[in-house]
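Listing of start-v1.cif, mmCIF, C-alpha atoms and all ligand atoms
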```
data_target
#
loop_
_atom_site.label_atom_id
_atom_site.label_comp_id
_atom_site.auth_asym_id
_atom_site.auth_seq_id
_atom_site.Cartn_x
_atom_site.Cartn_y
_atom_site.Cartn_z
CA MET A 4 12.78 32.06 11.71
CA LYS A 5 12.17 28.97 9.50
CA LEU A 6 8.73 29.07 7.82
CA PRO A 7 6.60 25.86 7.86
CA PRO A 8 6.50 24.01 4.50
CA VAL A 9 3.63 24.86 2.14
CA ALA A 10 1.69 22.08 0.41
CA ALA A 11 2.92 20.98 -3.04
CA VAL A 12 0.26 21.66 -5.68
CA PHE A 13 -0.20 19.41 -8.75
CA PRO A 14 -2.36 20.99 -11.48
CA PRO A 15 -4.18 18.83 -14.07
CA LEU A 16 -1.93 16.92 -16.49
CA PRO A 17 -1.73 18.43 -19.99
CA ALA A 18 -4.06 16.73 -22.50
CA GLY A 19 -2.46 13.97 -24.58
CA GLY A 20 -0.15 12.71 -21.81
CA THR A 21 3.65 12.55 -21.86
CA PRO A 22 5.52 10.49 -24.49
CA LEU A 23 7.40 7.41 -23.25
CA SER A 24 11.10 7.92 -22.47
CA ALA A 25 13.80 5.77 -24.11
CA LEU A 26 14.22 3.88 -20.80
CA GLN A 27 10.48 3.22 -20.53
CA ARG A 28 10.50 1.81 -24.09
CA GLU A 29 13.48 -0.40 -23.17
CA VAL A 30 11.59 -1.72 -20.10
CA LEU A 31 8.47 -2.45 -22.16
CA ALA A 32 10.53 -4.35 -24.78
CA LEU A 33 12.22 -6.42 -22.03
CA LYS A 34 8.85 -7.09 -20.41
CA ARG A 35 7.57 -8.66 -23.65
CA GLU A 36 10.82 -10.58 -24.27
CA LYS A 37 10.84 -12.02 -20.71
CA ASP A 38 7.09 -12.79 -20.55
CA ALA A 39 6.70 -10.54 -17.50
CA LEU A 40 3.81 -8.77 -15.80
CA ILE A 41 4.69 -5.46 -14.14
CA LEU A 42 2.64 -4.65 -11.05
CA ALA A 43 3.13 -1.28 -9.31
CA HIS A 44 1.77 0.10 -6.06
CA ASN A 45 0.12 3.53 -6.15
CA TYR A 46 3.13 4.98 -4.27
CA GLN A 47 5.65 4.18 -7.01
CA CYS A 48 7.26 7.01 -8.95
CA GLU A 49 5.60 8.32 -12.10
CA ASP A 50 7.90 6.69 -14.67
CA ILE A 51 7.40 3.24 -13.09
CA GLN A 52 3.61 3.68 -12.98
CA GLY A 53 3.87 4.56 -16.68
CA VAL A 54 5.21 1.09 -17.66
CA ALA A 55 3.08 -1.01 -15.29
CA ASP A 56 0.37 -3.38 -16.53
CA TYR A 57 -1.56 -2.61 -13.36
CA VAL A 58 -1.20 0.15 -10.76
CA GLY A 59 -3.23 -0.26 -7.57
CA ASP A 60 -3.54 -0.79 -3.84
CA SER A 61 -2.42 -3.81 -1.85
CA LEU A 62 -5.74 -5.63 -2.36
CA GLY A 63 -5.94 -5.10 -6.13
CA LEU A 64 -2.30 -6.07 -6.49
CA ALA A 65 -2.83 -9.29 -4.51
CA TYR A 66 -5.72 -10.29 -6.83
CA LYS A 67 -3.70 -9.42 -9.95
CA ALA A 68 -0.71 -11.41 -8.68
CA ALA A 69 -2.92 -14.43 -7.96
CA GLN A 70 -4.29 -14.33 -11.53
CA ALA A 71 -0.99 -13.64 -13.34
CA ALA A 72 -0.54 -15.89 -16.38
CA GLN A 73 2.96 -14.61 -17.22
CA SER A 74 5.97 -16.64 -16.05
CA THR A 75 7.50 -13.61 -14.24
CA ILE A 76 5.96 -10.95 -12.02
CA VAL A 77 7.99 -7.77 -11.49
CA PHE A 78 6.61 -6.28 -8.30
CA CYS A 79 7.28 -2.56 -7.97
CA GLY A 80 6.55 -2.07 -4.29
CA VAL A 81 8.09 -3.27 -1.02
CA PRO A 82 9.05 -6.82 0.06
CA PHE A 83 5.81 -7.73 1.89
CA MET A 84 3.90 -7.05 -1.34
CA ALA A 85 6.24 -9.13 -3.51
CA GLU A 86 6.13 -11.91 -0.90
CA THR A 87 2.33 -11.83 -1.09
CA ALA A 88 2.56 -12.32 -4.86
CA LYS A 89 4.85 -15.34 -4.36
CA ILE A 90 2.56 -16.80 -1.67
CA VAL A 91 -0.56 -16.66 -3.85
CA ASN A 92 1.13 -17.61 -7.14
CA PRO A 93 4.14 -19.80 -6.24
CA SER A 94 4.87 -21.18 -9.69
CA ARG A 95 5.73 -17.69 -10.96
CA ARG A 96 9.16 -16.09 -10.61
CA VAL A 97 8.63 -12.91 -8.56
CA LEU A 98 11.20 -10.13 -8.92
CA LEU A 99 11.52 -7.03 -6.73
CA PRO A 100 13.65 -4.18 -8.16
CA ASP A 101 15.29 -3.47 -4.77
CA LEU A 102 15.22 -6.16 -2.07
CA ALA A 103 16.39 -3.63 0.52
CA ALA A 104 13.17 -1.58 0.20
CA GLY A 105 11.70 -2.41 3.60
CA CYS A 106 8.68 -1.14 5.55
CA SER A 107 8.74 0.39 9.04
CA LEU A 108 5.29 -1.00 9.71
CA ALA A 109 6.16 -4.60 8.78
CA ASP A 110 9.36 -4.30 10.86
CA SER A 111 7.39 -3.23 13.93
CA CYS A 112 5.93 -6.74 14.33
CA PRO A 113 8.66 -9.43 14.48
CA ALA A 114 7.24 -12.96 14.16
CA GLU A 115 8.88 -14.11 17.43
CA LYS A 116 7.03 -11.41 19.39
CA LEU A 117 3.73 -12.32 17.78
CA ALA A 118 4.35 -16.01 18.53
CA ALA A 119 5.00 -15.07 22.19
CA ALA A 120 1.74 -13.07 22.38
CA LYS A 121 -0.19 -16.02 20.95
CA ALA A 122 1.48 -18.43 23.39
CA ALA A 123 0.50 -16.13 26.29
CA ASP A 124 -3.14 -16.10 25.15
CA PRO A 125 -4.06 -19.00 22.82
CA SER A 126 -7.63 -17.69 22.48
CA LEU A 127 -6.46 -14.70 20.39
CA TYR A 128 -7.81 -14.37 16.85
CA VAL A 129 -5.01 -12.65 14.94
CA VAL A 130 -6.03 -10.23 12.20
CA ALA A 131 -2.94 -9.05 10.32
CA TYR A 132 -2.73 -6.06 8.03
CA ILE A 133 -1.09 -7.23 4.80
CA ASN A 134 1.85 -4.90 5.62
CA CYS A 135 3.71 -7.64 7.53
CA SER A 136 6.26 -10.36 6.84
CA ALA A 137 5.38 -13.81 5.48
CA ALA A 138 6.32 -15.24 8.90
CA VAL A 139 3.74 -12.99 10.61
CA LYS A 140 1.13 -13.92 7.99
CA ALA A 141 1.81 -17.57 8.72
CA LEU A 142 0.96 -16.96 12.41
CA SER A 143 -2.27 -15.09 11.61
CA ASP A 144 -5.89 -16.20 11.24
CA VAL A 145 -6.82 -13.76 8.50
CA ILE A 146 -5.17 -10.95 6.53
CA VAL A 147 -6.73 -7.57 5.75
CA THR A 148 -5.83 -4.59 3.60
CA SER A 149 -6.96 -1.02 4.19
CA GLY A 150 -9.53 -1.60 1.42
CA ASN A 151 -11.33 -4.54 3.08
CA ALA A 152 -10.38 -4.39 6.78
CA SER A 153 -13.84 -3.49 8.11
CA LYS A 154 -15.55 -6.17 6.02
CA ILE A 155 -13.10 -8.86 7.16
CA VAL A 156 -13.08 -7.86 10.85
CA SER A 157 -16.90 -7.98 10.85
CA ARG A 158 -16.61 -11.68 9.93
CA ALA A 159 -14.13 -12.56 12.68
CA PRO A 160 -15.57 -15.04 15.23
CA ALA A 161 -17.58 -13.10 17.85
CA ASP A 162 -16.43 -15.38 20.70
CA ARG A 163 -12.68 -14.75 20.22
CA PRO A 164 -10.65 -11.70 21.38
CA ILE A 165 -9.04 -10.02 18.35
CA LEU A 166 -5.39 -9.02 18.23
CA PHE A 167 -4.87 -6.61 15.30
CA VAL A 168 -1.27 -6.34 14.00
CA PRO A 169 0.82 -4.34 13.18
CA ASP A 170 -0.82 -0.92 12.54
CA GLN A 171 -2.42 0.65 15.60
CA ASN A 172 -3.86 3.56 13.58
CA LEU A 173 -5.59 1.38 11.00
CA GLY A 174 -6.71 -0.94 13.81
CA HIS A 175 -8.21 1.95 15.79
CA TRP A 176 -10.07 3.16 12.69
CA VAL A 177 -11.42 -0.33 11.92
CA SER A 178 -12.47 -0.85 15.53
CA GLY A 179 -14.48 2.40 15.37
CA LYS A 180 -16.13 1.41 12.09
CA THR A 181 -17.02 -2.15 13.08
CA GLY A 182 -17.67 -1.70 16.81
CA ARG A 183 -15.35 -4.67 17.50
CA ALA A 184 -13.00 -4.16 20.44
CA MET A 185 -9.49 -5.18 19.44
CA GLN A 186 -6.08 -5.33 21.07
CA LEU A 187 -3.83 -3.15 18.91
CA TRP A 188 -0.20 -3.96 18.23
CA PRO A 189 1.93 -0.83 18.88
CA GLY A 190 3.20 -0.36 15.30
CA ASN A 191 2.79 2.39 12.73
CA CYS A 192 3.86 3.61 9.32
CA TYR A 193 6.66 6.10 9.81
CA ALA A 194 5.53 8.04 6.70
CA HIS A 195 1.84 8.41 7.54
CA VAL A 196 2.38 9.43 11.17
CA GLN A 197 4.39 12.43 9.94
CA PHE A 198 1.15 14.11 8.89
CA THR A 199 0.01 16.42 11.71
CA PRO A 200 -3.22 18.34 12.36
CA ALA A 201 -1.25 21.63 12.29
CA ALA A 202 0.25 20.92 8.84
CA LEU A 203 -3.09 19.74 7.46
CA LEU A 204 -4.88 22.82 8.83
CA ARG A 205 -2.30 25.02 7.05
CA ALA A 206 -3.07 23.23 3.76
CA LYS A 207 -6.82 23.62 4.35
CA ALA A 208 -6.38 27.35 5.04
CA ALA A 209 -4.36 27.75 1.83
CA HIS A 210 -7.03 25.88 -0.19
CA PRO A 211 -10.38 26.89 1.31
CA GLY A 212 -13.20 24.51 0.47
CA ALA A 213 -10.91 21.76 -0.83
CA PRO A 214 -12.10 18.38 0.54
CA VAL A 215 -9.52 16.23 2.33
CA VAL A 216 -8.96 12.52 1.81
CA ALA A 217 -6.65 10.62 4.20
CA HIS A 218 -5.26 7.11 4.51
CA PRO A 219 -6.26 5.16 7.67
CA GLU A 220 -2.57 4.73 8.57
CA CYS A 221 -2.70 8.43 9.62
CA THR A 222 -3.21 9.23 13.31
CA GLU A 223 -6.72 9.69 14.68
CA ALA A 224 -6.18 13.47 15.06
CA VAL A 225 -5.40 13.74 11.33
CA ARG A 226 -8.19 11.36 10.28
CA GLU A 227 -10.70 13.51 12.17
CA LEU A 228 -9.88 16.46 9.91
CA ALA A 229 -10.54 14.44 6.74
CA ASP A 230 -13.79 14.32 4.76
CA MET A 231 -13.00 10.74 3.71
CA VAL A 232 -10.67 8.07 5.12
CA CYS A 233 -9.96 5.12 2.82
CA SER A 234 -7.43 2.91 1.04
CA THR A 235 -5.47 4.28 -1.89
CA GLU A 236 -7.72 2.49 -4.41
CA LEU A 237 -10.92 3.85 -2.90
CA MET A 238 -9.36 7.35 -3.03
CA VAL A 239 -9.46 7.16 -6.83
CA GLY A 240 -13.23 6.65 -7.00
CA TRP A 241 -13.91 9.19 -4.25
CA CYS A 242 -11.81 11.91 -5.89
CA LYS A 243 -13.55 11.31 -9.25
CA GLU A 244 -16.94 11.85 -7.56
CA GLN A 245 -16.05 15.19 -5.95
CA THR A 246 -17.50 18.34 -7.50
CA ALA A 247 -14.64 20.42 -6.04
CA ASP A 248 -11.82 21.02 -8.51
CA THR A 249 -9.09 20.92 -5.82
CA ILE A 250 -8.57 18.01 -3.37
CA ILE A 251 -6.07 17.64 -0.51
CA VAL A 252 -4.51 14.16 -0.46
CA THR A 253 -3.10 12.94 2.87
CA THR A 254 -1.00 9.95 1.95
CA GLU A 255 2.29 9.13 0.23
CA SER A 256 2.87 11.54 -2.64
CA GLY A 257 3.12 8.85 -5.39
CA MET A 258 -0.67 8.58 -5.13
CA ILE A 259 -0.96 11.93 -6.85
CA HIS A 260 0.39 10.48 -10.15
CA ARG A 261 -2.43 7.92 -10.24
CA LEU A 262 -5.04 10.52 -9.28
CA ARG A 263 -3.92 12.98 -11.96
CA ARG A 264 -4.33 10.29 -14.63
CA GLU A 265 -7.66 8.98 -13.36
CA ALA A 266 -9.34 12.26 -12.41
CA PRO A 267 -8.23 14.65 -15.16
CA GLY A 268 -9.13 18.32 -14.79
CA LYS A 269 -8.64 18.30 -11.01
CA THR A 270 -5.85 19.91 -9.00
CA PHE A 271 -4.36 17.75 -6.25
CA VAL A 272 -2.65 19.17 -3.18
CA ALA A 273 -0.20 16.85 -1.43
CA ALA A 274 -0.78 17.29 2.31
CA PRO A 275 2.45 18.59 3.85
CA THR A 276 4.12 17.47 7.08
CA ASP A 277 5.83 19.77 9.56
CA ARG A 278 9.09 19.12 7.70
CA CYS A 279 8.33 18.85 3.98
CA SER A 280 5.82 20.03 1.39
CA CYS A 281 4.80 16.50 0.42
CA ASN A 282 5.48 13.10 1.93
CA ASP A 283 7.46 10.28 0.31
CA CYS A 284 7.97 6.77 1.72
CA LYS A 285 11.74 6.29 1.53
CA PHE A 286 11.25 2.54 1.03
CA MET A 287 8.77 2.80 -1.84
CA LYS A 288 11.03 5.33 -3.51
CA MET A 289 14.07 3.00 -3.45
CA ASN A 290 12.67 1.43 -6.63
CA THR A 291 13.74 3.29 -9.76
CA LEU A 292 13.01 2.65 -13.44
CA GLU A 293 16.69 1.73 -13.92
CA LYS A 294 16.33 -0.98 -11.24
CA VAL A 295 13.15 -2.24 -12.93
CA ARG A 296 15.09 -2.55 -16.21
CA ASP A 297 18.02 -4.27 -14.48
CA CYS A 298 15.86 -6.82 -12.62
CA LEU A 299 14.03 -7.72 -15.84
CA ARG A 300 17.32 -8.07 -17.71
CA ASP A 301 19.09 -10.07 -14.94
CA GLY A 302 16.14 -12.06 -13.55
CA ALA A 303 17.12 -10.84 -10.05
CA PRO A 304 16.61 -9.98 -7.23
CA GLU A 305 14.11 -12.79 -6.84
CA ILE A 306 11.74 -13.50 -3.92
CA ARG A 307 12.44 -16.97 -2.54
CA MET A 308 10.63 -18.64 0.33
CA GLU A 309 10.59 -21.97 2.14
CA GLU A 310 7.57 -23.96 0.88
CA SER A 311 6.38 -24.68 4.46
CA LEU A 312 6.35 -20.95 5.25
CA ARG A 313 4.62 -20.09 1.97
CA ALA A 314 1.92 -22.71 2.48
CA ALA A 315 1.25 -21.53 6.06
CA ALA A 316 1.04 -17.87 4.97
CA GLU A 317 -1.28 -18.76 2.09
CA ILE A 318 -4.09 -19.95 4.40
CA PRO A 319 -4.98 -16.54 5.95
CA LEU A 320 -4.31 -14.76 2.64
CA ARG A 321 -6.71 -17.05 0.74
CA ARG A 322 -9.26 -16.51 3.52
CA MET A 323 -8.96 -12.76 2.93
CA LEU A 324 -9.32 -13.07 -0.86
CA GLU A 325 -12.38 -15.25 -0.35
CA TRP A 326 -14.03 -13.07 2.33
CA SER A 327 -13.50 -9.80 0.48
CA ARG A 328 -15.16 -10.87 -2.78
P1 LIG B 1 -3.07 0.54 0.36
O1 LIG B 1 -2.53 0.79 -1.00
O2 LIG B 1 -3.57 -0.84 0.48
O3 LIG B 1 -4.07 1.57 0.75
O4 LIG B 1 -1.82 0.61 1.38
C1 LIG B 1 -1.10 1.73 1.65
C2 LIG B 1 0.29 1.47 2.11
O5 LIG B 1 0.82 2.11 2.97
C3 LIG B 1 1.04 0.42 1.46
O6 LIG B 1 2.30 0.36 1.98
FE1 LIG B 2 5.50 0.71 4.85
FE2 LIG B 2 4.43 3.10 5.31
FE3 LIG B 2 6.13 2.81 3.31
FE4 LIG B 2 3.65 1.69 3.17
S1 LIG B 2 4.13 3.86 3.21
S2 LIG B 2 5.64 0.72 2.61
S3 LIG B 2 3.34 1.16 5.32
S4 LIG B 2 6.62 2.55 5.50
#
```
Would you kindly transcribe this structure into structure tokens?
Ligand code: 13P
Ligand code: SF4
Amino acid sequence: MKLPPVAAVFPPLPAGGTPLSALQREVLALKREKDALILAHNYQCEDIQGVADYVGDSLGLAYKAAQAAQSTIVFCGVPFMAETAKIVNPSRRVLLPDLAAGCSLADSCPAEKLAAAKAADPSLYVVAYINCSAAVKALSDVIVTSGNASKIVSRAPADRPILFVPDQNLGHWVSGKTGRAMQLWPGNCYAHVQFTPAALLRAKAAHPGAPVVAHPECTEAVRELADMVCSTELMVGWCKEQTADTIIVTTESGMIHRLRREAPGKTFVAAPTDRCSCNDCKFMKMNTLEKVRDCLRDGAPEIRMEESLRAAAEIPLRRMLEWSR
């Protein structure tokens, strides 16, 4: 009989950190030579996080991209994130190490279907999670991230019905927190819905007393087992505050690299799924340090966008940046 996977355990990093590899030094030299800013999402692999100027969640990355003074932004994440950088800072060249790194959640809401829903009910106020295409952003009234969704939804006009796209799990969580009824688009993140109550309960039994933090893209049944539900950036502050020395982290496993650096001395347990001992997003992990080096060297692949689309998508994104200050 096949045994269920046990949770992967990450003890504290050794003091002094790890020296840079030859490839990391090459990337840093190219970054200076090309006048580039390297932004990396918390789910990127450890060696990429190690060369980034800023590692953070979707909200922090959007602010950093908007403020970038460098002529080139290398965005180590997935296309909707790099598109966001281009939308808010169009005069910069935005490079993505692997253009094929998609997102199941963004794909679950095609712009044509959203346009049809709006045509069927023109009174809808569309709140879009930032994990969507530029075309979906352009059709939306305001954008949210997991870090500011409740704050933004609370400001949505009270006399309009809200359609929340594309993550039904995040939408359900936000609706509960704000008390605003919302129509939820039937999309989800393929990686976060792999966490199950049974797998999380096994990790809790193996680490008695360890608090659990979970991302709101997880299902309600998993969120209910967590001590804290929040965006990846808020996880950093919450984990630092915990007196427990072991914490169970229910999100993509790249998050653990950031947590080990920011909360030294703690042991992090990657919540398992029913199939594996920790959970990677196959799209986030398509970026490699070699591809970061190659895109800096070649100036490609580059994010390009029609100006009319960019300008339309900028309106709800700017509204978000303004409302979440
Ligand atoms: P945040 O980093 O904004 O919490 O988003 C998580 C995520 O799934 C990004 O793809
Ligand atoms: Fe998309 Fe989920 Fe991967 Fe984030 S973790 S990029 S939401 S598939």
Nearby residues, (11.7, -9.3, -22.2) file frame, 10 Å, all atoms listed in the file, as a VMD selection string: chain A and resid 29 to 39 75 296 299 to 300
Close residues to ligand LIG 1 (chain B) using only C-alpha atoms and all ligand atoms, limit 8 Å, as a PyMOL selection string: chain A and resi 44-46+59-62+80-81+106+134+148-150+192+195+218+220+233-236+255+287
For region 178-186 of chain A, what centre and edge lengths in Å (one decimal) does the axis-aligned box get once 5 Å is added on each side of all its listed atoms, as AutoDock Vina command-line options?
```
--center_x -11.9 --center_y -1.5 --center_z 16.6 --size_x 21.6 --size_y 17.7 --size_z 19.0
```
Pick from A:His175, A:Lys116, A:Lys288, A:Lys294 nearest to ligand LIG 2 (chain B), counting all atoms listed in the file: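 Closest candidate: A:Lys288.
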Near-Ala68 (chain A) list (7 Å; all atoms listed in the file; drop same-chain fewer than 4 positions) as a PyMOL selection string: chain A and resi 64+88+92
Closest of A:Phe271, A:Phe13, A:Phe167, A:Phe286 to ligand LIG 2 (chain B) - atom-to-atom distances counting all atoms listed in the file: A:Phe286
Close residues, Ser256 (chain A) itself excluded, 10 Å, only C-alpha atoms, min 3 positions apart in chain, as a list in words: Ala11, Asn45, Tyr46, Gln47, Cys48, Val252, Thr253, Ile259, His260, Arg261, Val272, Ala273, Ala274, Pro275, Ser280, Cys281, Asn282, Asp283 and Cys284 of chain A
Give me a file of those residues, with C-alpha atoms, as an mmCIF file, in the frame of the given file.
```cif
data_model
loop_
_atom_site.group_PDB
_atom_site.id
_atom_site.type_symbol
_atom_site.label_atom_id
_atom_site.label_comp_id
_atom_site.auth_asym_id
_atom_site.auth_seq_id
_atom_site.Cartn_x
_atom_site.Cartn_y
_atom_site.Cartn_z
ATOM 1 C CA ALA A 11 2.920 20.980 -3.040
ATOM 2 C CA ASN A 45 0.120 3.530 -6.150
ATOM 3 C CA TYR A 46 3.130 4.980 -4.270
ATOM 4 C CA GLN A 47 5.650 4.180 -7.010
ATOM 5 C CA CYS A 48 7.260 7.010 -8.950
ATOM 6 C CA VAL A 252 -4.510 14.160 -0.460
ATOM 7 C CA THR A 253 -3.100 12.940 2.870
ATOM 8 C CA ILE A 259 -0.960 11.930 -6.850
ATOM 9 C CA HIS A 260 0.390 10.480 -10.150
ATOM 10 C CA ARG A 261 -2.430 7.920 -10.240
ATOM 11 C CA VAL A 272 -2.650 19.170 -3.180
ATOM 12 C CA ALA A 273 -0.200 16.850 -1.430
ATOM 13 C CA ALA A 274 -0.780 17.290 2.310
ATOM 14 C CA PRO A 275 2.450 18.590 3.850
ATOM 15 C CA SER A 280 5.820 20.030 1.390
ATOM 16 C CA CYS A 281 4.800 16.500 0.420
ATOM 17 C CA ASN A 282 5.480 13.100 1.930
ATOM 18 C CA ASP A 283 7.460 10.280 0.310
ATOM 19 C CA CYS A 284 7.970 6.770 1.720
#
```
Contacts of Thr87 (chain A) within 12 Å, all atoms listed in the file, excl. fewer than 2 positions in-chain, as a PyMOL selection string: chain A and resi 61-69+76+78+80-85+89-93+95+97-99+132-141+146+148+306-308+312-314+316-321+324
Just write region 285-312 of chain A with N, CA and C atoms, as a JSON list (two decimals), in the first residue's frame, taken from the block above.
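This went into part.json:
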```json
[["chain", "number", "residue", "atom", "x", "y", "z"],
["A", 285, "LYS", "N", 3.98, 24.74, -11.16],
["A", 285, "LYS", "CA", 4.80, 24.37, -12.32],
["A", 285, "LYS", "C", 5.11, 25.58, -13.21],
["A", 286, "PHE", "N", 4.25, 26.60, -13.17],
["A", 286, "PHE", "CA", 4.48, 27.78, -14.00],
["A", 286, "PHE", "C", 5.58, 28.66, -13.38],
["A", 287, "MET", "N", 5.46, 28.92, -12.09],
["A", 287, "MET", "CA", 6.47, 29.74, -11.41],
["A", 287, "MET", "C", 7.85, 29.09, -11.55],
["A", 288, "LYS", "N", 7.87, 27.77, -11.52],
["A", 288, "LYS", "CA", 9.15, 27.07, -11.52],
["A", 288, "LYS", "C", 9.72, 26.87, -12.93],
["A", 289, "MET", "N", 9.03, 27.41, -13.96],
["A", 289, "MET", "CA", 9.61, 27.37, -15.32],
["A", 289, "MET", "C", 10.76, 28.37, -15.43],
["A", 290, "ASN", "N", 10.77, 29.40, -14.59],
["A", 290, "ASN", "CA", 11.90, 30.33, -14.59],
["A", 290, "ASN", "C", 13.09, 29.68, -13.91],
["A", 291, "THR", "N", 14.25, 29.78, -14.52],
["A", 291, "THR", "CA", 15.48, 29.27, -13.91],
["A", 291, "THR", "C", 16.51, 30.41, -13.93],
["A", 292, "LEU", "N", 17.56, 30.26, -13.13],
["A", 292, "LEU", "CA", 18.60, 31.30, -13.11],
["A", 292, "LEU", "C", 19.27, 31.40, -14.48],
["A", 293, "GLU", "N", 19.41, 30.28, -15.18],
["A", 293, "GLU", "CA", 20.00, 30.31, -16.53],
["A", 293, "GLU", "C", 19.14, 31.18, -17.45],
["A", 294, "LYS", "N", 17.81, 31.03, -17.35],
["A", 294, "LYS", "CA", 16.92, 31.83, -18.20],
["A", 294, "LYS", "C", 16.97, 33.32, -17.81],
["A", 295, "VAL", "N", 17.18, 33.59, -16.52],
["A", 295, "VAL", "CA", 17.33, 34.99, -16.10],
["A", 295, "VAL", "C", 18.59, 35.58, -16.75],
["A", 296, "ARG", "N", 19.69, 34.83, -16.70],
["A", 296, "ARG", "CA", 20.93, 35.27, -17.33],
["A", 296, "ARG", "C", 20.72, 35.50, -18.83],
["A", 297, "ASP", "N", 20.07, 34.52, -19.49],
["A", 297, "ASP", "CA", 19.90, 34.62, -20.95],
["A", 297, "ASP", "C", 19.02, 35.81, -21.33],
["A", 298, "CYS", "N", 17.96, 36.07, -20.55],
["A", 298, "CYS", "CA", 17.07, 37.19, -20.95],
["A", 298, "CYS", "C", 17.77, 38.53, -20.74],
["A", 299, "LEU", "N", 18.60, 38.61, -19.70],
["A", 299, "LEU", "CA", 19.38, 39.85, -19.50],
["A", 299, "LEU", "C", 20.37, 40.04, -20.65],
["A", 300, "ARG", "N", 21.04, 38.97, -21.00],
["A", 300, "ARG", "CA", 22.06, 39.03, -22.06],
["A", 300, "ARG", "C", 21.43, 39.37, -23.41],
["A", 301, "ASP", "N", 20.25, 38.74, -23.72],
["A", 301, "ASP", "CA", 19.66, 38.87, -25.06],
["A", 301, "ASP", "C", 18.63, 39.99, -25.16],
["A", 302, "GLY", "N", 18.20, 40.52, -24.01],
["A", 302, "GLY", "CA", 17.12, 41.53, -24.03],
["A", 302, "GLY", "C", 15.80, 40.94, -24.50],
["A", 303, "ALA", "N", 15.57, 39.67, -24.25],
["A", 303, "ALA", "CA", 14.34, 38.97, -24.67],
["A", 303, "ALA", "C", 14.19, 37.71, -23.82],
["A", 304, "PRO", "N", 12.97, 37.19, -23.68],
["A", 304, "PRO", "CA", 11.70, 37.66, -24.20],
["A", 304, "PRO", "C", 11.20, 38.94, -23.52],
["A", 305, "GLU", "N", 10.58, 39.78, -24.36],
["A", 305, "GLU", "CA", 10.09, 41.07, -23.86],
["A", 305, "GLU", "C", 8.56, 41.11, -23.87],
["A", 306, "ILE", "N", 7.97, 41.74, -22.86],
["A", 306, "ILE", "CA", 6.51, 41.94, -22.80],
["A", 306, "ILE", "C", 6.17, 43.11, -23.71],
["A", 307, "ARG", "N", 5.30, 42.86, -24.68],
["A", 307, "ARG", "CA", 4.84, 43.93, -25.57],
["A", 307, "ARG", "C", 3.31, 43.97, -25.53],
["A", 308, "MET", "N", 2.76, 45.15, -25.65],
["A", 308, "MET", "CA", 1.31, 45.30, -25.51],
["A", 308, "MET", "C", 0.83, 46.48, -26.33],
["A", 309, "GLU", "N", -0.33, 46.32, -26.96],
["A", 309, "GLU", "CA", -0.97, 47.44, -27.66],
["A", 309, "GLU", "C", -1.18, 48.58, -26.67],
["A", 310, "GLU", "N", -0.88, 49.82, -27.08],
["A", 310, "GLU", "CA", -1.04, 50.96, -26.17],
["A", 310, "GLU", "C", -2.49, 51.13, -25.71],
["A", 311, "SER", "N", -3.46, 50.86, -26.59],
["A", 311, "SER", "CA", -4.88, 51.03, -26.18],
["A", 311, "SER", "C", -5.24, 50.04, -25.07],
["A", 312, "LEU", "N", -4.72, 48.82, -25.17],
["A", 312, "LEU", "CA", -4.99, 47.81, -24.14],
["A", 312, "LEU", "C", -4.30, 48.21, -22.83]]
```
